[in-house]
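**Student:** Structure file protein-v6.cif, mmCIF, C-alpha atoms, is pasted below:
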```
data_entry
loop_
_atom_site.label_atom_id
_atom_site.label_comp_id
_atom_site.auth_asym_id
_atom_site.auth_seq_id
_atom_site.Cartn_x
_atom_site.Cartn_y
_atom_site.Cartn_z
CA MET B 1 65.20 174.20 121.05
CA LYS B 2 65.01 175.50 124.60
CA ARG B 3 62.78 172.59 125.58
CA LEU B 4 65.13 170.12 123.98
CA SER B 5 68.08 171.56 125.89
CA ARG B 6 66.09 171.33 129.12
CA TRP B 7 65.32 167.64 128.54
CA LEU B 8 68.96 167.02 127.72
CA ARG B 9 69.99 168.63 130.97
CA ILE B 10 67.47 166.56 132.93
CA ALA B 11 68.94 163.47 131.28
CA GLY B 12 72.44 164.78 132.07
CA THR B 13 71.49 165.25 135.71
CA GLY B 14 70.13 161.71 135.85
CA ILE B 15 73.30 160.34 134.26
CA SER B 16 75.36 162.31 136.80
CA PHE B 17 73.44 160.73 139.68
CA ALA B 18 73.94 157.28 138.22
CA ALA B 19 77.65 157.97 137.67
CA PHE B 20 77.98 159.14 141.28
CA GLY B 21 76.44 155.92 142.60
CA ILE B 22 78.44 153.68 140.29
CA GLY B 23 81.60 155.64 141.07
CA GLY B 24 81.02 155.19 144.81
CA LEU B 25 80.60 151.45 144.37
CA LEU B 26 83.64 151.17 142.09
CA LEU B 27 85.83 153.03 144.56
CA ALA B 28 84.57 150.92 147.46
CA LEU B 29 84.64 147.52 145.79
CA VAL B 30 87.68 147.79 143.51
CA CYS B 31 89.92 150.79 144.19
CA PHE B 32 90.03 150.94 147.98
CA PRO B 33 90.71 147.21 148.48
CA LEU B 34 93.62 147.49 146.00
CA LEU B 35 94.84 150.55 147.84
CA ARG B 36 94.96 148.69 151.14
CA ILE B 37 97.40 146.10 149.85
CA GLY B 38 100.72 146.62 151.55
CA VAL B 39 99.72 149.80 153.39
CA LYS B 40 99.70 149.34 157.15
CA SER B 41 99.23 152.90 158.33
CA ALA B 42 95.56 153.86 158.68
CA ARG B 43 96.46 157.47 158.07
CA VAL B 44 98.22 156.78 154.77
CA ARG B 45 95.29 154.61 153.70
CA GLU B 46 92.83 157.40 154.49
CA GLU B 47 94.89 160.00 152.68
CA ARG B 48 95.20 157.83 149.61
CA ALA B 49 91.47 157.14 149.69
CA GLN B 50 90.79 160.87 149.99
CA TYR B 51 93.06 161.54 147.02
CA LEU B 52 91.13 158.99 144.96
CA VAL B 53 87.87 160.64 146.03
CA HIS B 54 89.36 163.95 144.88
CA LEU B 55 90.21 162.50 141.45
CA ALA B 56 86.72 160.97 141.23
CA PHE B 57 85.14 164.33 142.14
CA ARG B 58 87.26 166.11 139.52
CA PHE B 59 86.10 163.63 136.93
CA HIS B 60 82.52 164.06 138.11
CA VAL B 61 82.66 167.86 137.79
CA ARG B 62 84.01 167.52 134.25
CA LEU B 63 81.28 165.04 133.45
CA MET B 64 78.59 167.40 134.75
CA GLU B 65 80.07 170.27 132.76
CA ALA B 66 80.21 168.15 129.62
CA LEU B 67 76.58 167.14 130.11
CA GLY B 68 75.52 170.76 130.51
CA VAL B 69 74.38 170.27 134.12
CA CYS B 70 76.60 172.97 135.58
CA ARG B 71 79.52 175.26 134.94
CA LEU B 72 82.02 175.87 137.73
CA THR B 73 84.15 179.00 138.15
CA VAL B 74 86.57 179.30 141.05
CA SER B 75 88.28 182.47 142.23
CA GLY B 76 91.21 182.52 144.67
CA ARG B 77 91.89 178.84 144.19
CA GLU B 78 95.59 179.21 145.06
CA LYS B 79 94.58 180.03 148.65
CA LEU B 80 93.57 176.42 149.11
CA ARG B 81 97.06 175.07 148.45
CA GLU B 82 98.23 175.30 152.04
CA PRO B 83 97.28 172.13 153.98
CA GLY B 84 95.58 172.00 157.38
CA GLN B 85 92.86 174.54 156.68
CA LEU B 86 89.47 174.76 158.37
CA ILE B 87 87.24 175.36 155.38
CA VAL B 88 83.65 176.53 155.77
CA ALA B 89 81.08 177.11 153.07
CA ASN B 90 77.48 178.12 152.64
CA HIS B 91 75.51 175.08 151.53
CA GLN B 92 73.55 175.60 148.33
CA THR B 93 73.27 172.45 146.30
CA LEU B 94 73.49 168.70 146.54
CA ILE B 95 76.79 168.77 144.67
CA ASP B 96 78.64 171.31 146.89
CA VAL B 97 80.82 168.61 148.43
CA VAL B 98 81.72 167.24 145.00
CA LEU B 99 82.67 170.73 143.76
CA ILE B 100 84.77 171.61 146.82
CA GLY B 101 86.31 168.13 146.94
CA SER B 102 87.41 168.56 143.32
CA LEU B 103 89.59 171.48 144.45
CA LEU B 104 91.47 169.79 147.31
CA PRO B 105 93.58 166.62 147.05
CA GLN B 106 93.04 165.98 150.74
CA LEU B 107 89.84 166.89 152.52
CA ASP B 108 88.21 165.55 155.66
CA CYS B 109 84.45 165.94 155.89
CA LEU B 110 81.78 165.69 158.52
CA VAL B 111 79.16 163.42 157.02
CA LYS B 112 75.65 162.63 158.24
CA ILE B 113 75.46 159.27 159.93
CA GLY B 114 73.01 157.96 157.30
CA ALA B 115 75.89 157.70 154.80
CA TRP B 116 77.34 154.80 156.81
CA SER B 117 74.26 152.74 155.94
CA ASN B 118 73.89 153.98 152.34
CA PRO B 119 75.24 151.23 150.06
CA PHE B 120 76.61 153.76 147.55
CA MET B 121 78.43 155.88 150.12
CA ARG B 122 79.27 153.46 152.94
CA GLY B 123 82.47 152.15 151.39
CA VAL B 124 83.75 155.63 150.60
CA VAL B 125 83.05 157.29 153.97
CA ARG B 126 84.69 154.38 155.78
CA ALA B 127 87.81 154.18 153.64
CA ALA B 128 88.36 157.95 153.59
CA GLY B 129 87.97 158.17 157.36
CA TYR B 130 85.29 160.87 157.24
CA LEU B 131 83.81 161.88 160.57
CA PRO B 132 80.22 160.93 161.45
CA ASN B 133 78.10 163.79 162.77
CA ASP B 134 76.57 161.85 165.66
CA LEU B 135 79.44 162.15 168.14
CA GLY B 136 77.80 164.95 170.17
CA GLU B 137 80.26 167.43 171.60
CA ALA B 138 83.13 164.95 171.01
CA VAL B 139 82.91 165.83 167.33
CA VAL B 140 84.57 169.20 168.02
CA GLU B 141 87.70 167.55 169.40
CA ALA B 142 87.67 164.95 166.59
CA CYS B 143 87.62 167.77 164.03
CA ALA B 144 90.30 169.79 165.82
CA ALA B 145 92.53 166.70 165.97
CA ARG B 146 92.39 166.35 162.18
CA LEU B 147 93.45 169.98 161.78
CA ARG B 148 96.31 169.57 164.26
CA ASP B 149 97.45 166.62 162.12
CA GLY B 150 97.84 169.06 159.23
CA ARG B 151 94.73 167.86 157.43
CA SER B 152 92.15 170.16 155.89
CA LEU B 153 88.54 169.85 156.99
CA LEU B 154 85.28 171.05 155.43
CA LEU B 155 82.31 172.14 157.56
CA PHE B 156 78.99 173.66 156.56
CA PRO B 157 77.90 176.02 159.37
CA GLU B 158 74.29 175.73 158.21
CA GLY B 159 74.47 171.97 158.73
CA THR B 160 72.23 171.35 155.74
CA ARG B 161 71.43 172.73 152.31
CA ALA B 162 69.57 175.99 151.85
CA LEU B 163 65.93 175.70 150.86
CA LYS B 164 65.04 176.73 147.34
CA GLY B 165 65.20 180.51 147.40
CA GLY B 166 68.75 180.31 148.67
CA GLU B 167 68.42 182.22 151.95
CA LEU B 168 71.14 181.36 154.44
CA GLY B 169 69.90 178.97 157.12
CA ALA B 170 70.68 179.36 160.81
CA PHE B 171 74.40 178.94 161.54
CA ARG B 172 75.23 176.30 164.12
CA ARG B 173 78.26 177.01 166.23
CA GLY B 174 80.16 173.80 165.50
CA ALA B 175 82.58 175.39 163.02
CA ALA B 176 83.27 178.25 165.46
CA HIS B 177 83.93 175.74 168.25
CA VAL B 178 86.36 173.81 166.03
CA ALA B 179 88.19 177.03 165.13
CA LEU B 180 88.50 178.01 168.79
CA ARG B 181 89.57 174.55 169.90
CA SER B 182 92.18 174.15 167.17
CA GLY B 183 93.26 177.81 166.99
CA ARG B 184 92.89 177.66 163.20
CA PRO B 185 91.33 180.49 161.22
CA LEU B 186 88.14 179.85 159.31
CA ARG B 187 88.64 179.84 155.54
CA PRO B 188 85.27 180.79 154.03
CA LEU B 189 84.14 179.68 150.61
CA VAL B 190 81.22 181.62 149.14
CA ILE B 191 79.12 179.46 146.83
CA ARG B 192 76.68 181.06 144.42
CA CYS B 193 74.45 179.17 142.02
CA VAL B 194 72.17 180.57 139.31
CA PRO B 195 69.72 179.27 138.22
CA GLN B 196 69.01 177.29 141.32
CA ALA B 197 68.86 173.53 141.09
CA LEU B 198 69.50 170.55 143.37
CA MET B 199 68.63 172.60 146.43
CA ARG B 200 66.79 171.26 149.45
CA GLY B 201 63.10 170.79 148.75
CA GLN B 202 63.69 170.88 145.00
CA HIS B 203 63.17 167.90 142.68
CA TRP B 204 66.32 166.72 140.94
CA TYR B 205 64.68 167.19 137.55
CA ASP B 206 63.78 170.85 138.29
CA VAL B 207 66.73 172.12 136.23
CA GLY B 208 66.02 175.72 135.23
CA ASP B 209 66.46 177.18 131.76
CA ARG B 210 70.24 176.91 131.46
CA PRO B 211 73.15 175.07 133.12
CA MET B 212 73.72 175.93 136.79
CA GLN B 213 76.34 178.69 136.84
CA ILE B 214 78.22 177.94 140.03
CA THR B 215 80.93 180.19 141.39
CA ILE B 216 83.11 179.39 144.39
CA GLU B 217 84.94 182.34 145.86
CA VAL B 218 87.82 181.45 148.17
CA ALA B 219 87.75 184.35 150.63
CA GLU B 220 90.25 185.71 153.14
CA PRO B 221 90.48 183.85 156.45
CA ILE B 222 88.61 184.88 159.60
CA ASP B 223 91.04 184.52 162.50
CA PRO B 224 89.46 183.83 165.91
CA ARG B 225 92.54 185.15 167.74
CA LYS B 226 91.92 188.61 166.34
CA ARG B 227 88.31 188.68 167.45
CA ILE B 228 88.19 186.92 170.78
CA GLN B 229 89.74 187.96 174.10
CA HIS B 230 91.73 185.39 176.02
CA ASP B 231 89.51 185.34 179.07
CA GLU B 232 86.27 184.80 177.19
CA SER B 233 84.35 181.59 177.95
CA ARG B 234 83.94 179.30 174.99
CA GLY B 235 80.17 179.79 175.10
CA ALA B 236 80.59 183.53 174.57
CA ALA B 237 83.56 183.23 172.20
CA SER B 238 81.83 180.73 169.93
CA ARG B 239 78.78 182.99 169.74
CA LYS B 240 80.92 185.96 168.81
CA LEU B 241 82.90 184.09 166.16
CA ASN B 242 79.76 182.53 164.75
CA ALA B 243 78.15 185.98 164.49
CA ALA B 244 81.24 187.30 162.69
CA LEU B 245 81.05 184.41 160.21
CA ARG B 246 77.35 184.99 159.67
CA ASP B 247 77.97 188.73 159.10
CA PHE B 248 80.63 187.87 156.56
CA TYR B 249 78.27 185.65 154.55
CA GLU B 250 75.35 188.07 154.78
CA GLY B 251 77.63 190.85 153.54
CA ARG B 252 78.84 188.74 150.67
CA LEU B 253 75.53 187.31 149.58
CA TYR B 254 73.04 190.05 150.43
CA ALA B 255 75.01 193.31 150.25
CA GLY B 256 73.20 196.11 148.50
CA ARG B 257 70.09 194.05 148.19
CA GLY B 258 66.91 195.23 149.79
CA ARG B 259 63.57 193.78 148.90
CA GLY B 260 64.91 192.48 145.63
CA LEU B 261 66.66 189.65 147.44
CA ALA B 262 64.26 186.90 146.48
CA ASP B 263 64.24 188.12 142.89
CA ALA B 264 68.00 188.24 142.70
CA LEU B 265 68.25 184.73 144.09
CA GLN B 266 65.78 183.51 141.52
CA GLY B 267 68.02 184.96 138.83
CA ARG B 268 65.64 187.81 137.98
CA ASP B 269 66.72 191.39 137.86
CA PRO B 270 64.64 193.18 140.53
CA GLN B 271 64.68 196.41 138.55
CA VAL B 272 63.26 195.11 135.32
CA GLY B 273 61.67 191.88 136.50
CA HIS B 274 63.27 189.52 134.03
CA ARG B 275 66.45 187.56 133.81
CA PRO B 276 69.59 189.41 132.84
CA ASP B 277 71.59 188.22 129.87
CA GLU B 278 73.26 184.83 130.01
CA ASP B 279 76.69 186.13 130.93
CA GLY B 280 75.74 188.25 133.91
CA ILE B 281 75.41 186.51 137.22
CA PRO B 282 72.95 188.71 139.09
CA PHE B 283 74.84 188.84 142.37
CA PRO B 284 76.28 192.09 143.56
CA ARG B 285 80.01 191.82 144.09
CA MET U 1 74.86 182.32 182.64
CA LYS U 2 75.46 185.98 182.08
CA THR U 3 79.22 185.65 182.35
CA GLU U 4 79.48 182.30 180.60
CA PHE U 5 77.37 183.16 177.56
CA HIS U 6 76.99 186.97 177.72
CA PHE U 7 73.22 186.87 177.96
CA ARG U 8 71.33 189.98 179.05
CA ASP U 9 69.22 190.10 182.21
CA GLU U 10 65.98 190.46 180.33
CA GLU U 11 66.72 187.29 178.39
CA LEU U 12 66.92 185.23 181.56
CA ARG U 13 63.54 184.45 183.09
CA LEU U 14 62.51 181.31 184.94
CA SER U 15 60.38 180.26 182.00
CA THR U 16 63.16 180.84 179.45
CA HIS U 17 63.76 177.73 177.36
CA LEU U 18 67.47 176.95 177.08
CA VAL U 19 67.43 175.57 173.55
CA ASP U 20 64.49 177.39 171.96
CA ASP U 21 65.10 180.83 173.51
CA LEU U 22 68.84 180.90 174.25
CA ASP U 23 70.03 178.58 171.50
CA LEU U 24 72.19 176.49 173.79
CA ASP U 25 73.99 173.64 172.04
CA SER U 26 75.46 170.42 173.38
CA ILE U 27 78.79 172.09 174.19
CA ASP U 28 77.04 174.89 176.07
CA ALA U 29 75.12 172.25 178.03
CA VAL U 30 78.38 170.68 179.19
CA ASP U 31 79.82 174.08 180.14
CA LEU U 32 76.65 175.01 181.98
CA ALA U 33 76.68 171.74 183.91
CA VAL U 34 80.33 172.28 184.89
CA ARG U 35 79.49 175.81 186.10
CA VAL U 36 76.54 174.56 188.14
CA GLU U 37 78.70 171.83 189.67
CA GLU U 38 81.43 174.32 190.56
CA LYS U 39 79.01 176.76 192.14
CA THR U 40 76.92 174.26 194.07
CA GLY U 41 79.23 171.33 194.70
CA LEU U 42 76.62 168.99 193.25
CA SER U 43 77.47 166.36 190.71
CA LEU U 44 75.11 166.10 187.78
CA ASN U 45 74.68 163.05 185.58
CA GLU U 46 73.49 162.75 182.03
CA ALA U 47 69.90 162.04 183.03
CA ASP U 48 69.87 165.29 185.05
CA LEU U 49 71.04 167.25 182.03
CA LYS U 50 68.42 165.67 179.80
CA SER U 51 65.67 166.64 182.26
CA ILE U 52 66.62 170.32 182.08
CA GLN U 53 64.64 172.39 179.59
CA THR U 54 64.16 175.77 181.20
CA ILE U 55 65.91 177.93 183.77
CA GLN U 56 63.18 176.90 186.23
CA ASP U 57 64.32 173.28 185.78
CA ILE U 58 67.87 174.23 186.82
CA VAL U 59 66.58 176.04 189.88
CA ASP U 60 64.36 173.09 190.81
CA LEU U 61 67.18 170.61 190.36
CA ILE U 62 69.56 172.58 192.58
CA ASP U 63 66.81 173.17 195.12
CA GLU U 64 65.99 169.46 195.25
CA ARG U 65 69.59 168.34 195.76
CA LEU U 66 70.89 170.89 198.22
#
```
Would you encode the structure as structure tokens?
**Tutor:**
Amino acid sequence: MKRLSRWLRIAGTGISFAAFGIGGLLLALVCFPLLRIGVKSARVREERAQYLVHLAFRFHVRLMEALGVCRLTVSGREKLREPGQLIVANHQTLIDVVLIGSLLPQLDCLVKIGAWSNPFMRGVVRAAGYLPNDLGEAVVEACAARLRDGRSLLLFPEGTRALKGGELGAFRRGAAHVALRSGRPLRPLVIRCVPQALMRGQHWYDVGDRPMQITIEVAEPIDPRKRIQHDESRGAASRKLNAALRDFYEGRLYAGRGRGLADALQGRDPQVGHRPDEDGIPFPR
Amino acid sequence: MKTEFHFRDEELRLSTHLVDDLDLDSIDAVDLAVRVEEKTGLSLNEADLKSIQTIQDIVDLIDERL
């Protein structure tokens, strides 16, 4: 029975990938061209495209839940209602963007440049006006400009997904720079996923023994103005803010965990050496 | 570099690598170049910045131009 359910979830994951690709093509070839008719303003076009992406992501999350791939729980969701937020998240799985995008009707993203040549993603990243990550230091101003326009923006300080094992990667200072440039607080999302799947360095069919239990915690904002003095150079200020953000995530994800860290991240209880019951997510709160 | 990035003295040796040891990013590089230009009156171009890897390289570059 357990083996059957595992095969079903592998099939479900495969179907989800296929649906993602087909969805991207459908949006690009059918929906976005229709959307452009009669809309002159680039900004309105982008916002409508982002709203469609949001609806597609919501559908995709429901599909993945129905297929037993994952189960999503969100706490503090109402904090995302206010527009123009600089949202940061730890990057766990391949579907993080889909999950977060399903929560926000408008969301700008920084996307790796490869997406502009990927046939399944090209149409979407163009129409939605997402920012490419190859602009060098100009990307900070591009991101800050979106925030000043009242748009919300998602950045992953780690820049890439965590390796299997789930340890936080090094934090790049881009998100801190954007916060300082725009004067916006950082709104951290804490993503936890047990059992681990779809992480970097992990095969897509490596699905674990039950659906991925994913929780997204919308945390309180980290305000740069409260932490940085006025006369500080941006080099020093960005380091300080980045360290504060890193401390926040380490506190949230690793608090109270000593050597049992790797075990806890694998979903095993370090005390008894086996997985806790299905309901308990083995992360200290 | 101490005032701009709050580095400690012992972190700053001639052989110190700016990216590997001090974790400078592209924004820091621009700020550093502006500081060097202000202090020395030199004007640095992109090729100059790309040639800089260590603190020794900065010293050499300034030495060469002044």
**Student:** With the PyMOL selection byres ((chain B) within 10 of (chain U)) as the selection, what would be picked from this file? Answer as number ranges by chain, please.
**Tutor:** B: 136-138, 140, 172-174, 177, 232-240
**Student:** Determine the residue membership of the PyMOL selection byres ((chain B and resi 57) around 9) for the file above and supply it as a list in words.
**Tutor:** Phe20, Leu52, Val53, His54, Leu55, Ala56, Arg58, Phe59, His60, Val61, Arg62, Val97, Val98, Leu99, Ile100, Gly101, Ser102 and Leu103 of chain B
**Student:** Starting from the displayed file, determine the output of the PyMOL selection byres ((chain U and resi 49-60) around 10) and express the residue list as a list in words.
**Tutor:**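 Expected selection for the PyMOL selection byres ((chain U and resi 49-60) around 10) here is Leu12, Arg13, Leu14, Ser15, Thr16, His17, Leu18, Val19, Asp20, Asp21, Leu22, Ala29, Val30, Leu32, Ala33, Val36, Leu44, Asn45, Glu46, Ala47, Asp48, Leu61, Ile62, Asp63, Glu64 and Arg65 of chain U.
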**Student:** Which residues are close to segment 187-200 of chain B, i.e. within 7 Å by only C-alpha atoms, leaving aside same-chain residues fewer than 4 positions away? Reply as a count of residues only.
**Tutor:** 30
**Student:** Interatomic distance between atom CA of Asp247 of chain B and atom CA of Phe171 of chain B?
**Tutor:**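 These two atoms are separated by 10.7 Å.
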